[in-house]
Each structure stands twice: as structure tokens, then as C-alpha cells.
file final11.pdb (PDB, C-alpha atoms and all ligand atoms)
MODEL        1
ATOM      1  CA  MET A  19     -68.087 -10.908  26.298  1.00  0.00           C
ATOM      2  CA  LYS A  20     -67.616  -7.222  26.923  1.00  0.00           C
ATOM      3  CA  LEU A  21     -65.234  -5.036  24.952  1.00  0.00           C
ATOM      4  CA  LEU A  22     -64.531  -1.470  25.942  1.00  0.00           C
ATOM      5  CA  PHE A  23     -64.208   0.874  22.976  1.00  0.00           C
ATOM      6  CA  ALA A  24     -61.959   3.693  24.178  1.00  0.00           C
ATOM      7  CA  THR A  25     -63.964   6.611  22.839  1.00  0.00           C
ATOM      8  CA  THR A  26     -66.355   9.342  23.885  1.00  0.00           C
ATOM      9  CA  ASN A  27     -67.167  10.129  20.243  1.00  0.00           C
ATOM     10  CA  ASN A  28     -70.755   9.037  19.566  1.00  0.00           C
ATOM     11  CA  GLY A  29     -70.249   9.021  15.807  1.00  0.00           C
ATOM     12  CA  LYS A  30     -67.410   6.503  16.136  1.00  0.00           C
ATOM     13  CA  LEU A  31     -69.284   4.457  18.734  1.00  0.00           C
ATOM     14  CA  LYS A  32     -72.314   4.022  16.472  1.00  0.00           C
ATOM     15  CA  GLU A  33     -70.114   2.862  13.588  1.00  0.00           C
ATOM     16  CA  VAL A  34     -68.216   0.330  15.669  1.00  0.00           C
ATOM     17  CA  ARG A  35     -71.332  -1.003  17.454  1.00  0.00           C
ATOM     18  CA  LYS A  36     -72.798  -1.654  14.029  1.00  0.00           C
ATOM     19  CA  VAL A  37     -69.723  -3.659  12.991  1.00  0.00           C
ATOM     20  CA  PHE A  38     -70.058  -5.891  16.069  1.00  0.00           C
ATOM     21  CA  SER A  39     -73.865  -5.964  16.068  1.00  0.00           C
ATOM     22  CA  GLU A  40     -74.172  -9.582  14.938  1.00  0.00           C
ATOM     23  CA  THR A  41     -71.530 -10.965  17.293  1.00  0.00           C
ATOM     24  CA  ALA A  42     -71.673 -12.051  20.920  1.00  0.00           C
ATOM     25  CA  PHE A  43     -69.735  -8.926  21.914  1.00  0.00           C
ATOM     26  CA  THR A  44     -71.242  -6.034  23.814  1.00  0.00           C
ATOM     27  CA  ILE A  45     -69.412  -2.819  23.030  1.00  0.00           C
ATOM     28  CA  LEU A  46     -69.098  -0.537  26.028  1.00  0.00           C
ATOM     29  CA  SER A  47     -67.642   2.947  25.750  1.00  0.00           C
ATOM     30  CA  LEU A  48     -65.934   5.386  28.082  1.00  0.00           C
ATOM     31  CA  ALA A  49     -69.387   6.772  28.889  1.00  0.00           C
ATOM     32  CA  ASP A  50     -69.947   3.558  30.915  1.00  0.00           C
ATOM     33  CA  PHE A  51     -66.911   4.193  33.133  1.00  0.00           C
ATOM     34  CA  PRO A  52     -65.707   6.939  35.486  1.00  0.00           C
ATOM     35  CA  PRO A  53     -64.080   9.902  33.727  1.00  0.00           C
ATOM     36  CA  VAL A  54     -60.514   9.296  32.593  1.00  0.00           C
ATOM     37  CA  PRO A  55     -57.666  11.805  32.573  1.00  0.00           C
ATOM     38  CA  GLU A  56     -56.782  13.253  29.192  1.00  0.00           C
ATOM     39  CA  ILE A  57     -54.744  10.804  27.116  1.00  0.00           C
ATOM     40  CA  ILE A  58     -51.733  12.392  25.452  1.00  0.00           C
ATOM     41  CA  GLU A  59     -51.714  11.111  21.879  1.00  0.00           C
ATOM     42  CA  ASP A  60     -48.124  11.929  20.983  1.00  0.00           C
ATOM     43  CA  GLY A  61     -47.509   9.080  18.535  1.00  0.00           C
ATOM     44  CA  ALA A  62     -46.238   9.902  15.056  1.00  0.00           C
ATOM     45  CA  THR A  63     -48.726   7.569  13.362  1.00  0.00           C
ATOM     46  CA  PHE A  64     -52.392   6.613  13.680  1.00  0.00           C
ATOM     47  CA  ALA A  65     -51.373   3.106  14.810  1.00  0.00           C
ATOM     48  CA  GLU A  66     -49.097   4.412  17.566  1.00  0.00           C
ATOM     49  CA  ASN A  67     -51.827   6.707  18.888  1.00  0.00           C
ATOM     50  CA  ALA A  68     -54.434   3.942  18.807  1.00  0.00           C
ATOM     51  CA  LYS A  69     -52.091   1.699  20.818  1.00  0.00           C
ATOM     52  CA  ILE A  70     -51.464   4.464  23.370  1.00  0.00           C
ATOM     53  CA  LYS A  71     -55.238   4.874  23.828  1.00  0.00           C
ATOM     54  CA  ALA A  72     -55.905   1.131  24.101  1.00  0.00           C
ATOM     55  CA  LYS A  73     -53.125   0.507  26.638  1.00  0.00           C
ATOM     56  CA  THR A  74     -54.001   3.515  28.795  1.00  0.00           C
ATOM     57  CA  ILE A  75     -57.647   2.481  29.017  1.00  0.00           C
ATOM     58  CA  TYR A  76     -56.918  -1.218  29.549  1.00  0.00           C
ATOM     59  CA  ASP A  77     -54.500  -0.359  32.377  1.00  0.00           C
ATOM     60  CA  LEU A  78     -57.226   1.694  34.074  1.00  0.00           C
ATOM     61  CA  PHE A  79     -60.189  -0.676  33.782  1.00  0.00           C
ATOM     62  CA  HIS A  80     -58.787  -4.133  32.912  1.00  0.00           C
ATOM     63  CA  VAL A  81     -61.476  -4.782  30.317  1.00  0.00           C
ATOM     64  CA  PRO A  82     -60.319  -6.012  26.851  1.00  0.00           C
ATOM     65  CA  THR A  83     -60.124  -2.787  24.923  1.00  0.00           C
ATOM     66  CA  LEU A  84     -60.685  -1.565  21.380  1.00  0.00           C
ATOM     67  CA  ALA A  85     -59.315   1.798  20.297  1.00  0.00           C
ATOM     68  CA  ASP A  86     -58.860   3.660  17.082  1.00  0.00           C
ATOM     69  CA  ASP A  87     -57.061   6.646  15.802  1.00  0.00           C
ATOM     70  CA  SER A  88     -58.161   8.146  12.557  1.00  0.00           C
ATOM     71  CA  GLY A  89     -58.004  11.221  10.466  1.00  0.00           C
ATOM     72  CA  LEU A  90     -58.011  12.893   7.124  1.00  0.00           C
ATOM     73  CA  SER A  91     -55.011  13.130   4.813  1.00  0.00           C
ATOM     74  CA  VAL A  92     -55.229  15.643   1.957  1.00  0.00           C
ATOM     75  CA  ASP A  93     -52.830  15.233  -0.995  1.00  0.00           C
ATOM     76  CA  GLN A  94     -52.382  18.930  -1.795  1.00  0.00           C
ATOM     77  CA  LEU A  95     -51.639  19.632   1.881  1.00  0.00           C
ATOM     78  CA  ASN A  96     -48.928  16.954   2.059  1.00  0.00           C
ATOM     79  CA  GLY A  97     -51.068  14.696   4.227  1.00  0.00           C
ATOM     80  CA  GLU A  98     -52.446  17.384   6.559  1.00  0.00           C
ATOM     81  CA  PRO A  99     -54.336  17.384   8.891  1.00  0.00           C
ATOM     82  CA  GLY A 100     -53.226  13.749   9.499  1.00  0.00           C
ATOM     83  CA  VAL A 101     -52.763  12.821  13.162  1.00  0.00           C
ATOM     84  CA  PHE A 102     -53.822  16.383  14.020  1.00  0.00           C
ATOM     85  CA  SER A 103     -57.280  15.997  12.412  1.00  0.00           C
ATOM     86  CA  ALA A 104     -59.247  16.370  15.655  1.00  0.00           C
ATOM     87  CA  ARG A 105     -57.278  19.456  16.719  1.00  0.00           C
ATOM     88  CA  TYR A 106     -56.436  21.017  13.351  1.00  0.00           C
ATOM     89  CA  ALA A 107     -57.736  24.454  14.355  1.00  0.00           C
ATOM     90  CA  GLY A 108     -56.319  24.124  17.898  1.00  0.00           C
ATOM     91  CA  GLU A 109     -56.814  22.075  21.090  1.00  0.00           C
ATOM     92  CA  ASN A 110     -60.526  21.226  21.594  1.00  0.00           C
ATOM     93  CA  ALA A 111     -61.386  22.774  18.231  1.00  0.00           C
ATOM     94  CA  SER A 112     -64.962  22.188  17.028  1.00  0.00           C
ATOM     95  CA  ASP A 113     -65.694  20.279  13.814  1.00  0.00           C
ATOM     96  CA  GLU A 114     -66.894  23.589  12.412  1.00  0.00           C
ATOM     97  CA  ALA A 115     -63.574  25.338  13.122  1.00  0.00           C
ATOM     98  CA  ASN A 116     -61.572  22.426  11.663  1.00  0.00           C
ATOM     99  CA  ASN A 117     -63.712  22.369   8.524  1.00  0.00           C
ATOM    100  CA  LYS A 118     -63.365  26.121   8.104  1.00  0.00           C
ATOM    101  CA  LEU A 119     -59.582  25.968   8.385  1.00  0.00           C
ATOM    102  CA  LEU A 120     -59.408  23.109   5.887  1.00  0.00           C
ATOM    103  CA  LEU A 121     -61.474  25.069   3.358  1.00  0.00           C
ATOM    104  CA  LYS A 122     -59.300  28.139   3.886  1.00  0.00           C
ATOM    105  CA  LYS A 123     -56.097  26.176   3.250  1.00  0.00           C
ATOM    106  CA  LEU A 124     -57.566  24.478   0.190  1.00  0.00           C
ATOM    107  CA  SER A 125     -58.793  27.737  -1.317  1.00  0.00           C
ATOM    108  CA  ASN A 126     -55.215  28.207  -2.600  1.00  0.00           C
ATOM    109  CA  PHE A 127     -55.374  24.996  -4.634  1.00  0.00           C
ATOM    110  CA  PRO A 128     -57.399  23.969  -7.710  1.00  0.00           C
ATOM    111  CA  GLU A 129     -60.063  21.258  -7.407  1.00  0.00           C
ATOM    112  CA  PRO A 130     -60.203  18.285  -7.236  1.00  0.00           C
ATOM    113  CA  HIS A 131     -58.743  18.081  -3.739  1.00  0.00           C
ATOM    114  CA  TYR A 132     -57.956  14.377  -3.463  1.00  0.00           C
ATOM    115  CA  ALA A 133     -57.934  13.049   0.079  1.00  0.00           C
ATOM    116  CA  LYS A 134     -58.334   9.913   2.138  1.00  0.00           C
ATOM    117  CA  PHE A 135     -59.552   8.991   5.580  1.00  0.00           C
ATOM    118  CA  VAL A 136     -57.313   6.547   7.454  1.00  0.00           C
ATOM    119  CA  CYS A 137     -58.227   4.466  10.485  1.00  0.00           C
ATOM    120  CA  SER A 138     -56.002   2.314  12.676  1.00  0.00           C
ATOM    121  CA  SER A 139     -58.010   0.018  14.913  1.00  0.00           C
ATOM    122  CA  VAL A 140     -56.436  -1.801  17.839  1.00  0.00           C
ATOM    123  CA  PHE A 141     -57.378  -4.550  20.265  1.00  0.00           C
ATOM    124  CA  TYR A 142     -55.441  -4.883  23.541  1.00  0.00           C
ATOM    125  CA  ASP A 143     -56.049  -7.327  26.360  1.00  0.00           C
ATOM    126  CA  GLY A 144     -53.044  -6.678  28.595  1.00  0.00           C
ATOM    127  CA  GLU A 145     -50.904  -9.191  26.684  1.00  0.00           C
ATOM    128  CA  LYS A 146     -51.100  -8.599  22.980  1.00  0.00           C
ATOM    129  CA  PHE A 147     -51.898  -5.839  20.555  1.00  0.00           C
ATOM    130  CA  ILE A 148     -53.697  -6.572  17.299  1.00  0.00           C
ATOM    131  CA  VAL A 149     -53.692  -3.733  14.763  1.00  0.00           C
ATOM    132  CA  ALA A 150     -55.703  -3.389  11.544  1.00  0.00           C
ATOM    133  CA  GLU A 151     -55.758  -0.379   9.259  1.00  0.00           C
ATOM    134  CA  ASP A 152     -57.888   0.701   6.296  1.00  0.00           C
ATOM    135  CA  ILE A 153     -58.688   3.787   4.234  1.00  0.00           C
ATOM    136  CA  MET A 154     -61.490   5.502   2.344  1.00  0.00           C
ATOM    137  CA  VAL A 155     -60.397   7.530  -0.679  1.00  0.00           C
ATOM    138  CA  GLY A 156     -62.252  10.498  -2.139  1.00  0.00           C
ATOM    139  CA  LYS A 157     -62.099  14.266  -2.421  1.00  0.00           C
ATOM    140  CA  ILE A 158     -62.855  17.397  -0.440  1.00  0.00           C
ATOM    141  CA  ILE A 159     -65.463  19.784  -1.839  1.00  0.00           C
ATOM    142  CA  HIS A 160     -65.673  23.536  -1.238  1.00  0.00           C
ATOM    143  CA  GLU A 161     -68.925  23.652   0.744  1.00  0.00           C
ATOM    144  CA  LEU A 162     -70.524  21.745   3.623  1.00  0.00           C
ATOM    145  CA  ARG A 163     -73.267  19.304   2.578  1.00  0.00           C
ATOM    146  CA  GLY A 164     -75.324  17.051   4.859  1.00  0.00           C
ATOM    147  CA  VAL A 165     -75.809  16.755   8.588  1.00  0.00           C
ATOM    148  CA  ASN A 166     -75.012  13.083   9.215  1.00  0.00           C
ATOM    149  CA  GLY A 167     -71.718  11.695  10.460  1.00  0.00           C
ATOM    150  CA  PHE A 168     -69.177  13.928  12.195  1.00  0.00           C
ATOM    151  CA  GLY A 169     -65.882  15.719  11.695  1.00  0.00           C
ATOM    152  CA  TYR A 170     -65.025  16.335   8.049  1.00  0.00           C
ATOM    153  CA  ASP A 171     -67.936  14.206   6.729  1.00  0.00           C
ATOM    154  CA  PRO A 172     -69.907  17.136   5.223  1.00  0.00           C
ATOM    155  CA  LEU A 173     -66.870  18.058   3.083  1.00  0.00           C
ATOM    156  CA  PHE A 174     -65.864  14.592   1.871  1.00  0.00           C
ATOM    157  CA  ILE A 175     -67.159  12.733  -1.174  1.00  0.00           C
ATOM    158  CA  ALA A 176     -66.017   9.130  -1.345  1.00  0.00           C
ATOM    159  CA  GLU A 177     -64.766   7.779  -4.664  1.00  0.00           C
ATOM    160  CA  GLY A 178     -67.686   6.573  -6.809  1.00  0.00           C
ATOM    161  CA  PHE A 179     -70.243   8.693  -4.908  1.00  0.00           C
ATOM    162  CA  SER A 180     -71.892  12.026  -5.712  1.00  0.00           C
ATOM    163  CA  VAL A 181     -73.014  12.871  -2.174  1.00  0.00           C
ATOM    164  CA  THR A 182     -70.885  13.704   0.859  1.00  0.00           C
ATOM    165  CA  ASN A 183     -70.457  11.374   3.814  1.00  0.00           C
ATOM    166  CA  GLY A 184     -72.633  13.875   5.657  1.00  0.00           C
ATOM    167  CA  GLU A 185     -75.471  12.987   3.276  1.00  0.00           C
ATOM    168  CA  LEU A 186     -75.063   9.216   3.684  1.00  0.00           C
ATOM    169  CA  SER A 187     -77.004   7.213   6.266  1.00  0.00           C
ATOM    170  CA  LEU A 188     -74.988   5.383   8.922  1.00  0.00           C
ATOM    171  CA  GLU A 189     -75.671   2.106   7.088  1.00  0.00           C
ATOM    172  CA  GLU A 190     -74.386   3.538   3.809  1.00  0.00           C
ATOM    173  CA  LYS A 191     -71.286   5.083   5.398  1.00  0.00           C
ATOM    174  CA  ASN A 192     -70.553   1.872   7.281  1.00  0.00           C
ATOM    175  CA  LYS A 193     -70.266  -0.063   4.018  1.00  0.00           C
ATOM    176  CA  ILE A 194     -67.380   2.118   2.850  1.00  0.00           C
ATOM    177  CA  SER A 195     -65.840   3.858   5.854  1.00  0.00           C
ATOM    178  CA  HIS A 196     -62.187   3.524   6.840  1.00  0.00           C
ATOM    179  CA  ARG A 197     -63.315   2.791  10.407  1.00  0.00           C
ATOM    180  CA  ALA A 198     -65.878   0.108   9.528  1.00  0.00           C
ATOM    181  CA  LYS A 199     -63.359  -1.565   7.198  1.00  0.00           C
ATOM    182  CA  ALA A 200     -60.529  -1.402   9.764  1.00  0.00           C
ATOM    183  CA  PHE A 201     -62.722  -2.850  12.549  1.00  0.00           C
ATOM    184  CA  ASN A 202     -64.079  -5.515  10.209  1.00  0.00           C
ATOM    185  CA  ARG A 203     -60.490  -6.539   9.484  1.00  0.00           C
ATOM    186  CA  LEU A 204     -59.740  -6.615  13.203  1.00  0.00           C
ATOM    187  CA  LYS A 205     -62.837  -8.721  13.825  1.00  0.00           C
ATOM    188  CA  LYS A 206     -61.737 -11.201  11.154  1.00  0.00           C
ATOM    189  CA  ILE A 207     -58.134 -11.447  12.388  1.00  0.00           C
ATOM    190  CA  PHE A 208     -59.272 -12.190  15.865  1.00  0.00           C
ATOM    191  CA  TRP A 209     -62.625 -13.940  15.861  1.00  0.00           C
TER     192      TRP A 209
HETATM  193  P1  LIG B   1     -59.288  10.774  16.764  1.00  0.00           P
HETATM  194  O1  LIG B   1     -60.447  10.813  17.698  1.00  0.00           O
HETATM  195  O2  LIG B   1     -57.996  11.166  17.373  1.00  0.00           O
HETATM  196  O3  LIG B   1     -59.243   9.469  16.005  1.00  0.00           O
HETATM  197  O4  LIG B   1     -59.540  11.942  15.719  1.00  0.00           O
HETATM  198  C1  LIG B   1     -60.279  11.712  14.620  1.00  0.00           C
HETATM  199  C2  LIG B   1     -60.562  13.025  13.928  1.00  0.00           C
HETATM  200  O5  LIG B   1     -60.378  12.812  12.531  1.00  0.00           O
HETATM  201  C3  LIG B   1     -62.022  13.418  14.128  1.00  0.00           C
HETATM  202  O6  LIG B   1     -62.180  14.335  15.172  1.00  0.00           O
HETATM  203  C4  LIG B   1     -62.393  13.988  12.783  1.00  0.00           C
HETATM  204  O7  LIG B   1     -62.010  15.333  12.736  1.00  0.00           O
HETATM  205  C5  LIG B   1     -61.513  13.196  11.808  1.00  0.00           C
HETATM  206  N1  LIG B   1     -62.225  11.977  11.363  1.00  0.00           N
HETATM  207  C6  LIG B   1     -61.868  10.695  11.603  1.00  0.00           C
HETATM  208  N2  LIG B   1     -62.752   9.833  11.062  1.00  0.00           N
HETATM  209  C7  LIG B   1     -63.690  10.606  10.489  1.00  0.00           C
HETATM  210  C8  LIG B   1     -64.887  10.273   9.777  1.00  0.00           C
HETATM  211  O8  LIG B   1     -65.306   9.123   9.626  1.00  0.00           O
HETATM  212  N3  LIG B   1     -65.579  11.323   9.329  1.00  0.00           N
HETATM  213  C9  LIG B   1     -65.191  12.609   9.491  1.00  0.00           C
HETATM  214  N4  LIG B   1     -64.120  12.964  10.174  1.00  0.00           N
HETATM  215  C10 LIG B   1     -63.359  11.960  10.665  1.00  0.00           C
ENDMDL
END

call {"tool": "encode", "arguments": {"input": "final11.pdb", "output": "C-alpha cells"}}
result
Amino acid sequence: MKLLFATTNNGKLKEVRKVFSETAFTILSLADFPPVPEIIEDGATFAENAKIKAKTIYDLFHVPTLADDSGLSVDQLNGEPGVFSARYAGENASDEANNKLLLKKLSNFPEPHYAKFVCSSVFYDGEKFIVAEDIMVGKIIHELRGVNGFGYDPLFIAEGFSVTNGELSLEEKNKISHRAKAFNRLKKIFW
């Protein structure tokens, strides 16, 4: 059976393909379909945004759809960047620009900068939504380390680790990541 994961983010796609690698499901992505108009993610929560993505893509292609919305929540910044994680430094901001802004904002606060990644994963087949959420707790450091992963990974050290997510292999990150855990939950609820 084919599932369409509503993403163009290769980092996310690799993580989710890994979660479903020993199932009968083939995970397609938006790269396998004609370009889609920009989806306005105006939900107040990760779950609302993930549902908006899943429904929009299902309505276009009529393939059972997986979607996620995720982001970083930093304690000292009252949960920022939150649902604005991808566009913290502005629309279409690069990971570099977002990371730089985060470090600038945190320079006013003492370490440790406790934070968590949150992921809401959603399945939608035109009839029902299934939602599963999970987190990864840790802290933000003051310099970029590692080239793996994406987004804020080079700045984030998960609880119990001494290296950043950017220094973990995909296999290592997938054991602890908010996204892998949320999609594993979804997989269990459903299949
Ligand atoms: P989304 O595509 O709307 O879910 O936005 C997710 C944004 O949150 C990404 O662009 C990253 O900035 C950040 N993010 C989410 N998950 C991760 C992760 O696993 N590592 C690093 N950054 C992440």
C-alpha cells in the first residue's frame, strides 16, 4: 500500500521512511507528484497544522496521506520558536538564519537553555484523522556542531547525550527523535 508523506523536506522523509522500512508500506513524498500550491499553515498548534497539511494533500491526490508539523520550543523564550520554527527568521528563512536568530535571542539568557522538539504526526484517508504526538527533550548550546540532520539539529543536545543531533547518525537520531517516536505511535495505533 502506498502512503503519501506530505513533505518536501528530505531530512523528514528519510526519518519517516526508516520508521516504515519494515512494513508493507511504500512512502511516497510530494517529490513524486506535481507541484502543489503553498499550504497556509495557520493553525495555533502543531496538530492543527499537521491536519491542514494532510487534508490539503489528500484532497489534491486522493492517496492516504501522512503529514507532520514539528518544531522547537525553548523554555527561556516562552516556547519560541514553536509553530514558527521553520520561518523564525522570516518567510523562507534558511536553517542558518533561523539558528543565528535563536543564538542571538538566547545570548541574553544563562545556560543551560532547556528546550524540546515536538512533533505531531497525522494520518488522513478522506474519512478519519489519526493524530499522534511525541517530544524530544534537551538543551540548546551556543555553537553549531555537526553536519547531519537539518534545522536546529546542530544546536540541540538531547537529554543523556553529549553530542548534538547534528553529530548523530540517522539511525541514532531515529531512536530518540520526536518525529520517529510520533510516527511509531501512529504506526502502532493504526497497524
Ligand atoms: P515544519 O516543516 O512546519 O514541521 O517545520 C519544522 C521546522 O522545525 C523545521 O524547519 C526545523 O526548523 C524545525 N525542526 C523540526 N524538527 C526538527 C528536527 O528534527 N531537527 C531540527 N529541526 C527541526

call {"tool": "residues_around", "arguments": {"input": "final11.pdb", "residues": "region 131-138 of chain A", "least_positions_apart": "3", "cutoff": "7 Å", "atoms": "all atoms listed in the file", "output": "PDB file with C-alpha atoms, keeping the file's coordinate frame"}}
result
ATOM      1  CA  PHE A  64     -52.392   6.613  13.680  1.00  0.00           C
ATOM      2  CA  ALA A  65     -51.373   3.106  14.810  1.00  0.00           C
ATOM      3  CA  ALA A  68     -54.434   3.942  18.807  1.00  0.00           C
ATOM      4  CA  ASP A  86     -58.860   3.660  17.082  1.00  0.00           C
ATOM      5  CA  ASP A  87     -57.061   6.646  15.802  1.00  0.00           C
ATOM      6  CA  SER A  88     -58.161   8.146  12.557  1.00  0.00           C
ATOM      7  CA  GLY A  89     -58.004  11.221  10.466  1.00  0.00           C
ATOM      8  CA  LEU A  90     -58.011  12.893   7.124  1.00  0.00           C
ATOM      9  CA  SER A  91     -55.011  13.130   4.813  1.00  0.00           C
ATOM     10  CA  VAL A  92     -55.229  15.643   1.957  1.00  0.00           C
ATOM     11  CA  ASP A  93     -52.830  15.233  -0.995  1.00  0.00           C
ATOM     12  CA  GLN A  94     -52.382  18.930  -1.795  1.00  0.00           C
ATOM     13  CA  VAL A 149     -53.692  -3.733  14.763  1.00  0.00           C
ATOM     14  CA  ALA A 150     -55.703  -3.389  11.544  1.00  0.00           C
ATOM     15  CA  GLU A 151     -55.758  -0.379   9.259  1.00  0.00           C
ATOM     16  CA  ASP A 152     -57.888   0.701   6.296  1.00  0.00           C
ATOM     17  CA  ILE A 153     -58.688   3.787   4.234  1.00  0.00           C
ATOM     18  CA  MET A 154     -61.490   5.502   2.344  1.00  0.00           C
ATOM     19  CA  VAL A 155     -60.397   7.530  -0.679  1.00  0.00           C
ATOM     20  CA  GLY A 156     -62.252  10.498  -2.139  1.00  0.00           C
ATOM     21  CA  LYS A 157     -62.099  14.266  -2.421  1.00  0.00           C
ATOM     22  CA  ILE A 158     -62.855  17.397  -0.440  1.00  0.00           C
ATOM     23  CA  HIS A 196     -62.187   3.524   6.840  1.00  0.00           C
ATOM     24  CA  ARG A 197     -63.315   2.791  10.407  1.00  0.00           C
ATOM     25  CA  ALA A 200     -60.529  -1.402   9.764  1.00  0.00           C
TER      26      ALA A 200
END

call {"tool": "atom_distance", "arguments": {"input": "final11.pdb", "atom1": "CA of Tyr142 (chain A)", "atom2": "atom C9 of ligand LIG 1 (chain B)"}}
result
24.5 Å

call {"tool": "resolve_selection", "arguments": {"input": "final11.pdb", "expression": "the PyMOL selection byres (((chain A and resi 175) around 12) and not hetatm)", "output": "JSON, numbers by chain"}}
result
{"A": [130, 131, 132, 133, 134, 135, 154, 155, 156, 157, 158, 159, 160, 161, 162, 163, 164, 170, 171, 172, 173, 174, 176, 177, 178, 179, 180, 181, 182, 183, 184, 185, 186, 191, 194, 195]}

call {"tool": "closest_residue", "arguments": {"input": "final11.pdb", "among": "A:Ser47, A:Ser187, A:Asn192, A:Ser39", "to": "ligand LIG 1 (chain B)", "atoms": "only C-alpha atoms and all ligand atoms"}}
result
A:Asn192

call {"tool": "atom_distance", "arguments": {"input": "final11.pdb", "atom1": "CA of Phe201 (chain A)", "atom2": "CA of Phe79 (chain A)"}}
result
21.5 Å

call {"tool": "residues_around", "arguments": {"input": "final11.pdb", "residues": "region 51-60 of chain A", "least_positions_apart": "6", "cutoff": "10 Å", "atoms": "all atoms listed in the file", "output": "ChimeraX atom specification"}}
result
/A:22,66-71,74-75,78-79,87,101-102

call {"tool": "atom_distance", "arguments": {"input": "final11.pdb", "atom1": "CA of Lys20 (chain A)", "atom2": "CA of Ser103 (chain A)"}}
result
29.3 Å

call {"tool": "closest_residue", "arguments": {"input": "final11.pdb", "among": "A:His80, A:Lys73, A:Lys199, A:Arg35", "to": "ligand LIG 1 (chain B)", "atoms": "all atoms listed in the file"}}
result
A:Lys199

call {"tool": "resolve_selection", "arguments": {"input": "final11.pdb", "expression": "the PyMOL selection byres (((chain A and resi 29-31) around 10) and not hetatm)", "output": "ChimeraX atom specification"}}
result
/A:23-28,32-37,45-48,86,166-169,188,197-198

call {"tool": "decode", "arguments": {"input": "final11.pdb", "residues": "region 141-154 of chain A", "atoms": "C-alpha atoms", "output": "PDB file, in the first residue's frame"}}
result
ATOM      1  CA  PHE A 141      -2.807  10.115   9.016  1.00  0.00           C
ATOM      2  CA  TYR A 142      -5.794  11.104   6.850  1.00  0.00           C
ATOM      3  CA  ASP A 143      -7.642   8.977   4.330  1.00  0.00           C
ATOM      4  CA  GLY A 144     -10.563  11.231   3.422  1.00  0.00           C
ATOM      5  CA  GLU A 145     -12.670   9.899   6.309  1.00  0.00           C
ATOM      6  CA  LYS A 146     -10.738   9.939   9.529  1.00  0.00           C
ATOM      7  CA  PHE A 147      -7.804  11.697  11.092  1.00  0.00           C
ATOM      8  CA  ILE A 148      -5.448   9.852  13.420  1.00  0.00           C
ATOM      9  CA  VAL A 149      -3.056  12.058  15.395  1.00  0.00           C
ATOM     10  CA  ALA A 150      -0.028  11.048  17.479  1.00  0.00           C
ATOM     11  CA  GLU A 151       2.392  13.398  19.181  1.00  0.00           C
ATOM     12  CA  ASP A 152       5.764  12.995  20.899  1.00  0.00           C
ATOM     13  CA  ILE A 153       8.710  15.072  22.092  1.00  0.00           C
ATOM     14  CA  MET A 154      12.479  15.001  22.491  1.00  0.00           C
TER      15      MET A 154
END
